[in-house]
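Enquirer: My questions all concern the structure below.
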Amino acid sequence: MPEVRTWQLTAGAAVAGLALAAGAVAAAGPWDTGQRKAEREWAAARSIAGGAHHEDPGPKRPAPAPSAPGVLASLGAPTTKAAAGQTTPADLARVLAPLLGDPGLGTARTASVIDVATGKQLYGKGAADPMTPASTTKIATSTAALSALGPDHRIPTTVVASKDGQELTLVGGGDATLETAGLRTLADRTARALRERGVTTVRLAYDTSLYKGPGLHPIGPNRNIAPVSALMVGEGRLDERTTGAADRSGDPAGDAARAFGRLLDERGINSAGAPAPGRPAAGAKPVAKVLSAPLSALVERALTDSDNDIAEALARQTALATGEEASFAGAERAVTRQLTGLKLPLTGARFADGSGLSREDRLSAGLLTALLARAADPAHPELRPVLTGLPVAGFSGTLQARYTETSPGTGLVRAKTGTLTGVNTLAGTVVAPDGRLLAFAFLAGNTPSREGAQPALDRLAAALAS
């Protein structure tokens, strides 16, 4: 990786969201769909220009802002440690090796820590060994999607009508983030277009043919993911929750079409019978469309909340963008090809799915740190949402409750978590006391319990900040 000058390192760290002061906010984007709204408000509240703190972070939810001066000091003016010399690989080994030996990490443990600016490995233990990565797979999926489609890409959901307007088809484009509000907007636009043509009764079909192969994830029905479909609303959730596990519909596309039919009825467009699967009529043309948020926002949400449905959609969108079949197998080929093009160390890697729910996935700690370094590379600004989407220790997403107020990693560690039974992983970035931006990955297998493994992983990451 080419050498990065001091100003580039500073900018890269700011882009990664590691500096939460108001001056860094403008450079730290993207802030799409409010994914970083809370950080922005904290930055404003702590700026010298004033601002207001509008909400109590609550118990066990420490705010990272007090740590920000330390981050900025490290980046802008060397600390005493940095003045004496950078942290050496030997220093890191003395600190990390005992922590990596924690019995909570099970019998299979690998690690990689690199200097993002130079790509130099500062610490490694089995860094090239493929391991089951769990949800840290989403880092690879997100990188592939952004490289194939770009951060501004939006996923459409479309309604097409026959020449006489009486045969209507709801066409899924693969937007896993489509919600009822978006479906309502689509119904508004469709009803208006049909009324202009004098049409008040339609036969409604729905088309999910964009995706191929089995929709059910190989793990089977699971509360962590809906059947993978090109058409769904609210990720097929059967309750009001928007993140985490929830009961899921077995037919998310059919549910979406039936909901759309009811919305048309409310707008004076009557459906003749229940909607059925089907393709658009010959010569059908679009009459209405809604678009997802930009891909940058989808990536941030997938990483921050560890959203499996979005991750699988990202994998299939990558397949479509590269001419592959939009299936589990096609997505694996597409993701592999995109990452190969980024010159990443893929020996032994496997992407059996996009979410990391599959135990067939294989990534090495070295690959994960290489992915994070590539996302920080000034030559690849399109990949920056991989960094801005990482949860912040003690503050957001899946790391919100995992760091205490007194932990040196709180507010400074940004990392993607991974959890399966017997598998616990953590990969992300942190600014070290000597001012360098580090990327790290710690993977543990055969772990006895999540309760033992997660604190051990958090201590490893926090050690890099202290």
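Going by the structure tokens order, chains are called A, B, ..., each with residues numbered from 1, while ligands are numbered from 1 in the order shown.
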Looking only at strand (DSSP E or B) from DSSP on the backbone, list the matching residues of region 130-283 of chain A as a compact mmCIF listing (two decimals) with N, CA and C atoms, in the first residue's frame.
Expert:
# COMPACT_ATOMS: atom_id res chain seq x y z
N MET A 131 -10.53 -18.52 9.02
CA MET A 131 -11.37 -18.84 10.18
C MET A 131 -12.83 -18.56 9.83
N PRO A 156 -34.04 0.34 -6.94
CA PRO A 156 -35.42 0.73 -7.24
C PRO A 156 -36.44 -0.35 -6.89
N THR A 157 -37.62 0.08 -6.56
CA THR A 157 -38.81 -0.76 -6.55
C THR A 157 -39.79 -0.10 -7.51
N THR A 158 -40.30 -0.87 -8.48
CA THR A 158 -41.00 -0.29 -9.62
C THR A 158 -42.39 -0.90 -9.80
N VAL A 159 -43.31 -0.10 -10.32
CA VAL A 159 -44.61 -0.59 -10.76
C VAL A 159 -44.71 -0.38 -12.26
N VAL A 160 -45.02 -1.44 -13.00
CA VAL A 160 -45.20 -1.33 -14.44
C VAL A 160 -46.64 -1.70 -14.79
N ALA A 161 -47.14 -1.11 -15.85
CA ALA A 161 -48.53 -1.33 -16.27
C ALA A 161 -48.57 -1.75 -17.73
N GLU A 167 -53.35 -4.24 -16.22
CA GLU A 167 -52.49 -5.27 -15.62
C GLU A 167 -51.29 -4.58 -15.00
N LEU A 168 -51.22 -4.69 -13.70
CA LEU A 168 -50.21 -3.97 -12.92
C LEU A 168 -49.26 -4.99 -12.29
N THR A 169 -47.96 -4.68 -12.33
CA THR A 169 -46.98 -5.59 -11.73
C THR A 169 -46.05 -4.80 -10.82
N LEU A 170 -45.94 -5.24 -9.57
CA LEU A 170 -45.00 -4.68 -8.60
C LEU A 170 -43.70 -5.44 -8.75
N VAL A 171 -42.64 -4.75 -9.17
CA VAL A 171 -41.38 -5.40 -9.51
C VAL A 171 -40.34 -5.11 -8.44
N THR A 201 -59.65 -0.06 -11.99
CA THR A 201 -59.61 -1.46 -11.60
C THR A 201 -58.44 -2.14 -12.29
N VAL A 202 -57.65 -2.91 -11.52
CA VAL A 202 -56.46 -3.56 -12.09
C VAL A 202 -56.35 -4.99 -11.58
N ARG A 203 -55.61 -5.78 -12.33
CA ARG A 203 -55.16 -7.09 -11.85
C ARG A 203 -53.71 -6.92 -11.41
N LEU A 204 -53.44 -7.25 -10.16
CA LEU A 204 -52.11 -6.99 -9.58
C LEU A 204 -51.29 -8.26 -9.49
N ALA A 205 -50.07 -8.18 -10.01
CA ALA A 205 -49.10 -9.27 -9.87
C ALA A 205 -47.84 -8.71 -9.23
N TYR A 206 -46.96 -9.61 -8.81
CA TYR A 206 -45.67 -9.16 -8.26
C TYR A 206 -44.55 -10.04 -8.81
N ASP A 207 -43.43 -9.39 -9.11
CA ASP A 207 -42.32 -10.03 -9.82
C ASP A 207 -41.07 -10.01 -8.95
N ASN A 222 -35.07 -18.62 10.40
CA ASN A 222 -34.30 -18.06 11.50
C ASN A 222 -34.79 -16.66 11.79
N ILE A 225 -32.99 -13.49 10.06
CA ILE A 225 -33.01 -13.16 8.63
C ILE A 225 -34.30 -13.68 8.01
N ARG A 237 -40.37 -8.50 8.89
CA ARG A 237 -40.55 -8.59 10.34
C ARG A 237 -42.03 -8.60 10.70
N ARG A 248 -40.15 -13.75 11.49
CA ARG A 248 -40.16 -13.28 10.11
C ARG A 248 -41.23 -13.99 9.29
N ASN A 270 -59.05 -0.33 -7.47
CA ASN A 270 -59.49 -1.62 -6.96
C ASN A 270 -58.72 -2.76 -7.62
N SER A 271 -58.34 -3.73 -6.80
CA SER A 271 -57.65 -4.91 -7.30
C SER A 271 -58.66 -6.02 -7.55
N ALA A 276 -50.86 -12.08 -7.38
CA ALA A 276 -50.22 -13.38 -7.61
C ALA A 276 -48.84 -13.15 -8.22
N PRO A 277 -47.94 -14.11 -8.02
CA PRO A 277 -46.63 -13.99 -8.67
C PRO A 277 -46.79 -13.95 -10.19
Enquirer: With a distance cut-off of 6 Å and only C-alpha atoms, select the neighbouring residues of region 252-258 of chain A, excluding the residue or stretch itself and same-chain residues fewer than 4 positions from it, and output the selection as a list in words.
Expert: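 My list of contacting residues is Leu231, Met232, Val233 and Gly236 of chain A.
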Enquirer: Expressed in Å to a single decimal, how great is the separation between CA of Gly213 (chain A) and CA of Phe328 (chain A)?
Expert: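 Going from CA of Gly213 (chain A) over to CA of Phe328 (chain A) covers 7.4 Å.
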Enquirer: Please indicate the distance in Å from CA of Pro408 (chain A) to CA of Val431 (chain A), rounded to one decimal place.
Expert: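 Result for CA of Pro408 (chain A) versus CA of Val431 (chain A): 11.4 Å, one decimal.
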Enquirer: Give me the residues within 12 Å of Glu196 (chain A) as a list in words, counting only C-alpha atoms and dropping any in the same chain fewer than 6 places off.
Expert: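 Once the nearby chain positions are removed, what remains is Gly165, Arg189, Thr190, Ile269 and Val287 of chain A.
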Enquirer: Pull C-alpha atoms from the residues just selected and write them as a short mmCIF file (atom, residue, chain, number, x, y, z; two decimals), in the first residue's frame.
Expert:
data_model
loop_
_atom_site.label_atom_id
_atom_site.label_comp_id
_atom_site.auth_asym_id
_atom_site.auth_seq_id
_atom_site.Cartn_x
_atom_site.Cartn_y
_atom_site.Cartn_z
CA GLY A 165 -53.20 0.03 -17.70
CA ARG A 189 -47.65 7.68 -7.52
CA THR A 190 -49.23 4.61 -9.07
CA ILE A 269 -57.74 1.71 -7.45
CA VAL A 287 -45.71 4.08 -14.09
#
Enquirer: Need the shell around Asp115 (chain A): protein/DNA/RNA residues with any atom at most 10 Å away, counting only C-alpha atoms. Skip same-chain ones fewer than 4 positions apart. Format as a ChimeraX atom specification?
Expert: /A:119-123,369,373,429,431-432,436-440
Enquirer: Write the residues of the preceding selection, restricted to C-alpha atoms, as a short mmCIF file (atom, residue, chain, number, x, y, z; two decimals), in the first residue's frame.
Expert:
data_model
loop_
_atom_site.label_atom_id
_atom_site.label_comp_id
_atom_site.auth_asym_id
_atom_site.auth_seq_id
_atom_site.Cartn_x
_atom_site.Cartn_y
_atom_site.Cartn_z
CA GLY A 119 0.08 -1.50 5.51
CA LYS A 120 2.85 -2.87 7.74
CA GLN A 121 1.81 -5.67 10.09
CA LEU A 122 2.63 -4.71 13.67
CA TYR A 123 1.31 -7.87 15.31
CA THR A 369 -7.26 -5.77 8.26
CA ALA A 373 -6.84 -0.50 5.13
CA THR A 429 -9.90 0.59 13.64
CA VAL A 431 -6.02 5.54 16.84
CA ALA A 432 -3.06 4.40 18.95
CA ARG A 436 -1.15 6.03 14.11
CA LEU A 437 -4.42 4.71 12.77
CA LEU A 438 -4.41 0.95 13.33
CA ALA A 439 -6.61 -1.71 11.80
CA PHE A 440 -7.12 -4.87 13.83
#
Enquirer: Would you pick out the contacts of Ser209 (chain A) at 9 Å or less, using only C-alpha atoms, so that residues sharing its chain but fewer than 6 positions from it are not included, and give the list as a CSV table (one decimal) with C-alpha atoms, in the first residue's frame?
Expert:
chain,number,residue,atom,x,y,z
A,171,VAL,CA,-41.4,-5.4,-9.5
A,172,GLY,CA,-38.9,-6.0,-6.7
A,230,ALA,CA,-36.1,-9.1,-4.4
A,278,GLY,CA,-46.1,-13.1,-12.3
A,279,ARG,CA,-44.1,-11.2,-14.9
Enquirer: So that I can check the surroundings of Ala93 (chain A), please list as a PyMOL selection string every protein, DNA and RNA residue that reaches within 9 Å of it, counting only C-alpha atoms and ignoring chain neighbours fewer than 4 positions away.
Expert: chain A and resi 88-89+97-98+122-124
Enquirer: Residues as selected, N, CA, C and O atoms, written as a short mmCIF file (atom, residue, chain, number, x, y, z; two decimals), in the first residue's frame, can you do that?
Expert:
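File written: selection-v6.cif
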data_model
loop_
_atom_site.label_atom_id
_atom_site.label_comp_id
_atom_site.auth_asym_id
_atom_site.auth_seq_id
_atom_site.Cartn_x
_atom_site.Cartn_y
_atom_site.Cartn_z
N THR A 88 6.30 -0.16 19.07
CA THR A 88 6.97 -1.16 18.24
C THR A 88 6.18 -2.46 18.24
O THR A 88 5.36 -2.71 19.13
N PRO A 89 6.43 -3.34 17.25
CA PRO A 89 5.81 -4.66 17.29
C PRO A 89 6.09 -5.41 18.58
O PRO A 89 5.21 -6.12 19.08
N ALA A 97 -0.23 -10.47 23.52
CA ALA A 97 -0.10 -11.93 23.65
C ALA A 97 -0.79 -12.46 24.90
O ALA A 97 -1.53 -13.45 24.83
N PRO A 98 -0.58 -11.86 26.07
CA PRO A 98 -1.29 -12.37 27.25
C PRO A 98 -2.81 -12.24 27.14
O PRO A 98 -3.55 -13.14 27.58
N LEU A 122 1.97 -5.00 12.41
CA LEU A 122 2.63 -4.71 13.67
C LEU A 122 2.51 -5.87 14.65
O LEU A 122 3.32 -6.01 15.56
N TYR A 123 1.48 -6.69 14.47
CA TYR A 123 1.31 -7.87 15.31
C TYR A 123 0.50 -8.89 14.53
O TYR A 123 -0.45 -8.54 13.81
N GLY A 124 0.87 -10.13 14.65
CA GLY A 124 0.13 -11.18 13.98
C GLY A 124 0.26 -12.50 14.69
O GLY A 124 1.32 -12.83 15.22
#
